[in-house]
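Working notes, structure below.
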Amino acid sequence: MFVNCLIEQARKDDRVFLITPDMGFSVLEKFRDEFPDRFLNVGIAEQNAVGVAAGLALSGKVVYVYSIIPFITMRCFEQVRMDVAYMRTNVRLVGVGAGFSYGPAGASHHAIEDIAIMRALPNMTVCCPGDPVETRELVRRSFYHEGPMYFRLAKNGEPRIHGEETRIEIGQAVWLREGTDVAVVATSNMLESGKVLTDKWVGQRKSVSFVSMPTIKPLDHGAIDILIQNGTPIVTLEEHNIIGGLGSAVAEVIAESGKGIRFTRVAIPDEFCHVVGSQSFLRKKFKLDDIQYHEVAN
Amino acid sequence: MARDHVANIRQSIIRMTHRSRSSHVGSCLSACDILYVLYFKILNIDPQDHKKPDRDKFILSKAHASAALYATLAERGFFPGEYLDRFYVDDGLLPGHLDMDAVPGVEVSAGSLGHGLSLGVGMALANRQTGNTGRIFVLLGDGECNEGSVWEAIMLASTLRLRNLTAIVDMNKLQGFGRTNAVIDQSNMADRWRSFGWEVQAVDGHNIDDLDRALRGSPKRPRVIIADTIKGKGVCFMEDRLEWHYKSPDDEQCRQALDELERKH
């Protein structure tokens, strides 16, 4: 979805530029072949990839840099800080492999800290789309957004959760259900799990809110405020370290509201994964999709 | 005239680092002649129209020498000289490392080593693609060349044959905590760049005419000028002394330094 949106825009917008530090086999070829002058494989050199992207952006381009999340966020973090965030360049860091997407590949390829570190950067917008519609919408908004952005993508093939016609702005939560017994707020590749979970509870005659949070920064405070005002217990759902991600962002809003509500963060515990297994195996291992209604709801 | 401008730049640096008690005066003084030649003889720039689209762009990658760039920009008329009084002080205007929002003429924000050449590669590539005739110049320190990211950029620039990109290495042979070649042996600096596919020219980094000549011409590939310089150049008690990476001149040293630079006019 990401690369198709990019191609669609690049046909009419010559600012669009794509850089990869040697990633993107079977994904980026279409863009490379159609726009050879606006595609650059800089080699396995992430720091340079981000620096070159910033140089292009300072010259008027809108530059997408594509790689696996740890490499496009952490290997080059200071380039991201200085050359992208500090200078407010129109660079879009596009990381694939949210959470345990690369499960059996091991902890080097797991992306569990990226939301925390990216949202701590001034000027950085943090987008975590959870289905193809959210990806399409936020990538389309990115063409005309001023300033740096980080995209946390999962892997190809997430099921569509939203209707095709759904329109989503940067910084906007999307309400999929409204109810009062409990609210599930999900982001990124946990959107589908949230859907399965809330559907199940609805089947059990519970009154459930289900909110997708495809932008973590700026966070849609209004959506959280509604839940707080209604006294609805909140469960956040993310495939990210329990420190610093969606759960932390929502907790900040709740804490400053001065109201006490029941609140549960479902996330990866603060540890590296030394277990080998697929994404679904690791989710079970870390109890990301084992949420008991009576433990989180009123 | 050249001597006047360069001496003015050096004197400004002494006053700035003295007033603010800031570091890096030695790193600034080694780069003054290079900056003078760029801003007064080489760069296609207009202080009255500092964003003109076809301008040449200069990136100070060794941004701890920011005082030298600010002094040069003021001398060249990008902003009033009084701005230099607000370097590195409370309620200041000019931070110790570069903020592109601070004053006209600062092309990029910088301050961590090993970033500037990558930015330059991106700018040079954008200009080539859009038919913009503006050239890109990047000044690096020799110590800065310890950074691996510099070599990432060097490799890509020659692969892309970016002939509108010129790097200059301010080879003052001292870095943060020692002699450059003792920390990391870079005695074959010119050969290293050449072997990575760059045109290389070694010059006396304090000889105005040599620098001027080296920075002209139209290279066929990315080009690097290895500028042999002296840290602290122009102030006898600062020359080639590591401590002047950190110290700032006290009242007496400031007076001495200004006198010496005045006599050399």
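Just remember, in the structure tokens the first chain shown is A, the second B, etc., residues are 1-based per chain, and ligands are 1-based in the order shown.
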With a cut-off of 9 Å, could you pull out the residues of chain A touching chain B and give me the nearest pair of atoms for each, distance in Å to one decimal, using only C-alpha atoms, ordered by chain and ascending number, as JSON lines?
```
{"residue": "A:Asp37", "atom": "CA", "partner": "B:Gln129", "partner_atom": "CA", "distance": 7.7}
{"residue": "A:Arg38", "atom": "CA", "partner": "B:Gln129", "partner_atom": "CA", "distance": 8.9}
{"residue": "A:Val42", "atom": "CA", "partner": "B:Leu156", "partner_atom": "CA", "distance": 6.5}
{"residue": "A:Gly43", "atom": "CA", "partner": "B:Leu156", "partner_atom": "CA", "distance": 8.0}
{"residue": "A:Ile44", "atom": "CA", "partner": "B:Glu152", "partner_atom": "CA", "distance": 8.8}
{"residue": "A:Ala45", "atom": "CA", "partner": "B:Glu152", "partner_atom": "CA", "distance": 6.3}
{"residue": "A:Glu46", "atom": "CA", "partner": "B:Ser149", "partner_atom": "CA", "distance": 8.8}
{"residue": "A:Gln47", "atom": "CA", "partner": "B:Ser149", "partner_atom": "CA", "distance": 6.2}
{"residue": "A:Asn48", "atom": "CA", "partner": "B:Ser118", "partner_atom": "CA", "distance": 5.5}
{"residue": "A:Ala49", "atom": "CA", "partner": "B:Ser118", "partner_atom": "CA", "distance": 7.8}
{"residue": "A:Val50", "atom": "CA", "partner": "B:Ser118", "partner_atom": "CA", "distance": 8.1}
{"residue": "A:Gly51", "atom": "CA", "partner": "B:Ser118", "partner_atom": "CA", "distance": 4.7}
{"residue": "A:Val52", "atom": "CA", "partner": "B:Gly122", "partner_atom": "CA", "distance": 4.1}
{"residue": "A:Ala53", "atom": "CA", "partner": "B:Gly122", "partner_atom": "CA", "distance": 6.1}
{"residue": "A:Ala54", "atom": "CA", "partner": "B:Leu119", "partner_atom": "CA", "distance": 6.1}
{"residue": "A:Gly55", "atom": "CA", "partner": "B:Gly122", "partner_atom": "CA", "distance": 4.0}
{"residue": "A:Leu56", "atom": "CA", "partner": "B:Gly122", "partner_atom": "CA", "distance": 4.5}
{"residue": "A:Ala57", "atom": "CA", "partner": "B:Gly122", "partner_atom": "CA", "distance": 8.0}
{"residue": "A:Leu58", "atom": "CA", "partner": "B:Met123", "partner_atom": "CA", "distance": 7.2}
{"residue": "A:Ser59", "atom": "CA", "partner": "B:Met123", "partner_atom": "CA", "distance": 6.0}
{"residue": "A:Gly60", "atom": "CA", "partner": "B:Ala126", "partner_atom": "CA", "distance": 8.2}
{"residue": "A:Lys61", "atom": "CA", "partner": "B:Ala126", "partner_atom": "CA", "distance": 7.8}
{"residue": "A:Glu78", "atom": "CA", "partner": "B:Ser112", "partner_atom": "CA", "distance": 8.3}
{"residue": "A:Gln79", "atom": "CA", "partner": "B:His115", "partner_atom": "CA", "distance": 6.9}
{"residue": "A:Met82", "atom": "CA", "partner": "B:Ala110", "partner_atom": "CA", "distance": 6.9}
{"residue": "A:Asp83", "atom": "CA", "partner": "B:Ser109", "partner_atom": "CA", "distance": 7.5}
{"residue": "A:Tyr86", "atom": "CA", "partner": "B:Ser109", "partner_atom": "CA", "distance": 7.6}
{"residue": "A:Met87", "atom": "CA", "partner": "B:Ser109", "partner_atom": "CA", "distance": 6.5}
```
Please produce a file of the residues just selected, as a CSV table (one decimal), in the first residue's frame, where the atoms kept are C-alpha atoms.
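The result, stored in selection.csv:
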```csv
chain,number,residue,atom,x,y,z
A,37,ASP,CA,16.0,9.5,-11.2
A,38,ARG,CA,14.1,9.8,-7.9
A,42,VAL,CA,22.7,4.5,-1.0
A,43,GLY,CA,24.1,1.1,0.1
A,44,ILE,CA,24.1,-0.3,3.5
A,45,ALA,CA,24.7,3.0,5.2
A,46,GLU,CA,21.8,4.3,7.2
A,47,GLN,CA,23.4,7.4,8.7
A,48,ASN,CA,24.3,8.5,5.2
A,49,ALA,CA,20.8,7.6,3.9
A,50,VAL,CA,19.2,10.0,6.4
A,51,GLY,CA,21.8,12.7,5.9
A,52,VAL,CA,21.4,12.6,2.1
A,53,ALA,CA,17.6,12.6,2.5
A,54,ALA,CA,17.9,15.7,4.6
A,55,GLY,CA,20.1,17.4,2.0
A,56,LEU,CA,17.5,16.6,-0.7
A,57,ALA,CA,14.7,17.8,1.5
A,58,LEU,CA,16.6,21.1,2.1
A,59,SER,CA,16.6,21.4,-1.6
A,60,GLY,CA,12.8,21.1,-2.0
A,61,LYS,CA,12.2,17.3,-2.2
A,78,GLU,CA,21.4,11.2,15.7
A,79,GLN,CA,21.1,12.0,12.0
A,82,MET,CA,19.9,16.8,13.9
A,83,ASP,CA,19.3,16.6,10.2
A,86,TYR,CA,16.1,19.8,14.4
A,87,MET,CA,16.1,21.2,10.9
```
Residue set, segment 78-296 of chain A restricted to alpha helix (DSSP H), as a PyMOL selection string: chain A and resi 78-79+114-119+132-142+191-203+221-230+246-257+279-285+293-296
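We find atom CA of Thr125 of chain A and atom CA of Ala85 of chain A to be spaced 9.5 Å apart.
Close contacts of segment 210-216 of chain B, defined as residues with an atom at most 7 Å away when counting only C-alpha atoms, with chain neighbours fewer than 3 positions off set aside, comprise Ile34, Val37, Val203, Asp204, Gly205 and Asn207 of chain B.
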Can you write out the residues you just picked, keeping C-alpha atoms, as a short mmCIF file (atom, residue, chain, number, x, y, z; two decimals), in the first residue's frame?
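See result_19.cif below for the written result:
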```
data_model
loop_
_atom_site.label_atom_id
_atom_site.label_comp_id
_atom_site.auth_asym_id
_atom_site.auth_seq_id
_atom_site.Cartn_x
_atom_site.Cartn_y
_atom_site.Cartn_z
CA ILE B 34 39.59 28.80 3.84
CA VAL B 37 38.57 32.48 0.16
CA VAL B 203 47.33 22.80 -0.62
CA ASP B 204 48.70 25.12 2.03
CA GLY B 205 45.50 25.96 3.88
CA ASN B 207 47.90 30.45 1.33
#
```
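Pairwise distance (atom CA of Met16 of chain B, atom CA of Tyr39 of chain B) equals 19.8 Å.
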If DSSP is run on the backbone, what residues of segment 2-238 of chain B are strand (DSSP E or B)? A reply as a ChimeraX atom specification would be ideal. /B:57-60,87,94,136-141,165-171,174-175,178-179,199-204,223-228
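The list of residues with at least one atom within 8 Å of Ile254 of chain A, based on only C-alpha atoms and without residues fewer than 4 positions apart in the same chain, reads A:Ile224, A:Asp225, A:Ile228, A:Val250, A:Gly258, A:Lys259, A:Gly260, A:Ile261.
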Could you name the residues that touch Leu38 of chain B at 12 Å or less, counting only C-alpha atoms, but leaving out those on the same chain fewer than 6 positions away, as JSON, numbers by chain? {"B": [2, 6, 31, 32, 44, 45, 56, 57, 58, 59, 60, 69, 72, 73, 76, 135, 136, 137, 138, 139, 166, 167, 168, 208, 209, 211, 212, 213, 214, 215, 216]}
What separation in Å, quoted to one decimal, exists between atom CA of Gly99 of chain A and atom CA of Ala111 of chain A? 4.5 Å
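Distance check against Val139 of chain A using only C-alpha atoms: of A:Asp270, A:Glu169, A:Asp181, A:Glu164, the minimum falls on A:Glu169.
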Which residues are close to Gly103 of chain A, i.e. within 6 Å by only C-alpha atoms, leaving aside same-chain residues fewer than 2 positions away? Reply as JSON, numbers by chain. {"A": [100, 101, 105, 277, 278, 279]}
Selection from above, N, CA and C atoms, as an mmCIF file, in the first residue's frame, can you write it?
```
data_model
loop_
_atom_site.group_PDB
_atom_site.id
_atom_site.type_symbol
_atom_site.label_atom_id
_atom_site.label_comp_id
_atom_site.auth_asym_id
_atom_site.auth_seq_id
_atom_site.Cartn_x
_atom_site.Cartn_y
_atom_site.Cartn_z
ATOM 1 N N PHE A 100 6.924 -7.514 16.680
ATOM 2 C CA PHE A 100 7.495 -8.836 16.413
ATOM 3 C C PHE A 100 7.257 -9.296 14.974
ATOM 4 N N SER A 101 7.052 -8.361 14.046
ATOM 5 C CA SER A 101 6.788 -8.768 12.663
ATOM 6 C C SER A 101 7.866 -9.713 12.141
ATOM 7 N N ALA A 105 13.375 -13.901 13.427
ATOM 8 C CA ALA A 105 14.666 -13.338 13.024
ATOM 9 C C ALA A 105 15.488 -12.909 14.234
ATOM 10 N N GLY A 277 10.473 -17.578 17.803
ATOM 11 C CA GLY A 277 9.161 -17.963 17.317
ATOM 12 C C GLY A 277 8.547 -16.907 16.434
ATOM 13 N N SER A 278 7.453 -17.283 15.795
ATOM 14 C CA SER A 278 6.764 -16.383 14.886
ATOM 15 C C SER A 278 6.109 -15.248 15.673
ATOM 16 N N GLN A 279 5.604 -14.284 14.931
ATOM 17 C CA GLN A 279 4.916 -13.170 15.571
ATOM 18 C C GLN A 279 3.763 -13.654 16.449
#
```
Show me, as a PyMOL selection string, the residues that have an atom within 9 Å of segment 169-186 of chain B when counting only C-alpha atoms, minus same-chain residues fewer than 6 positions from it. chain B and resi 27+30-31+34+62+138-146+192+205+224-232+240-242+245-246
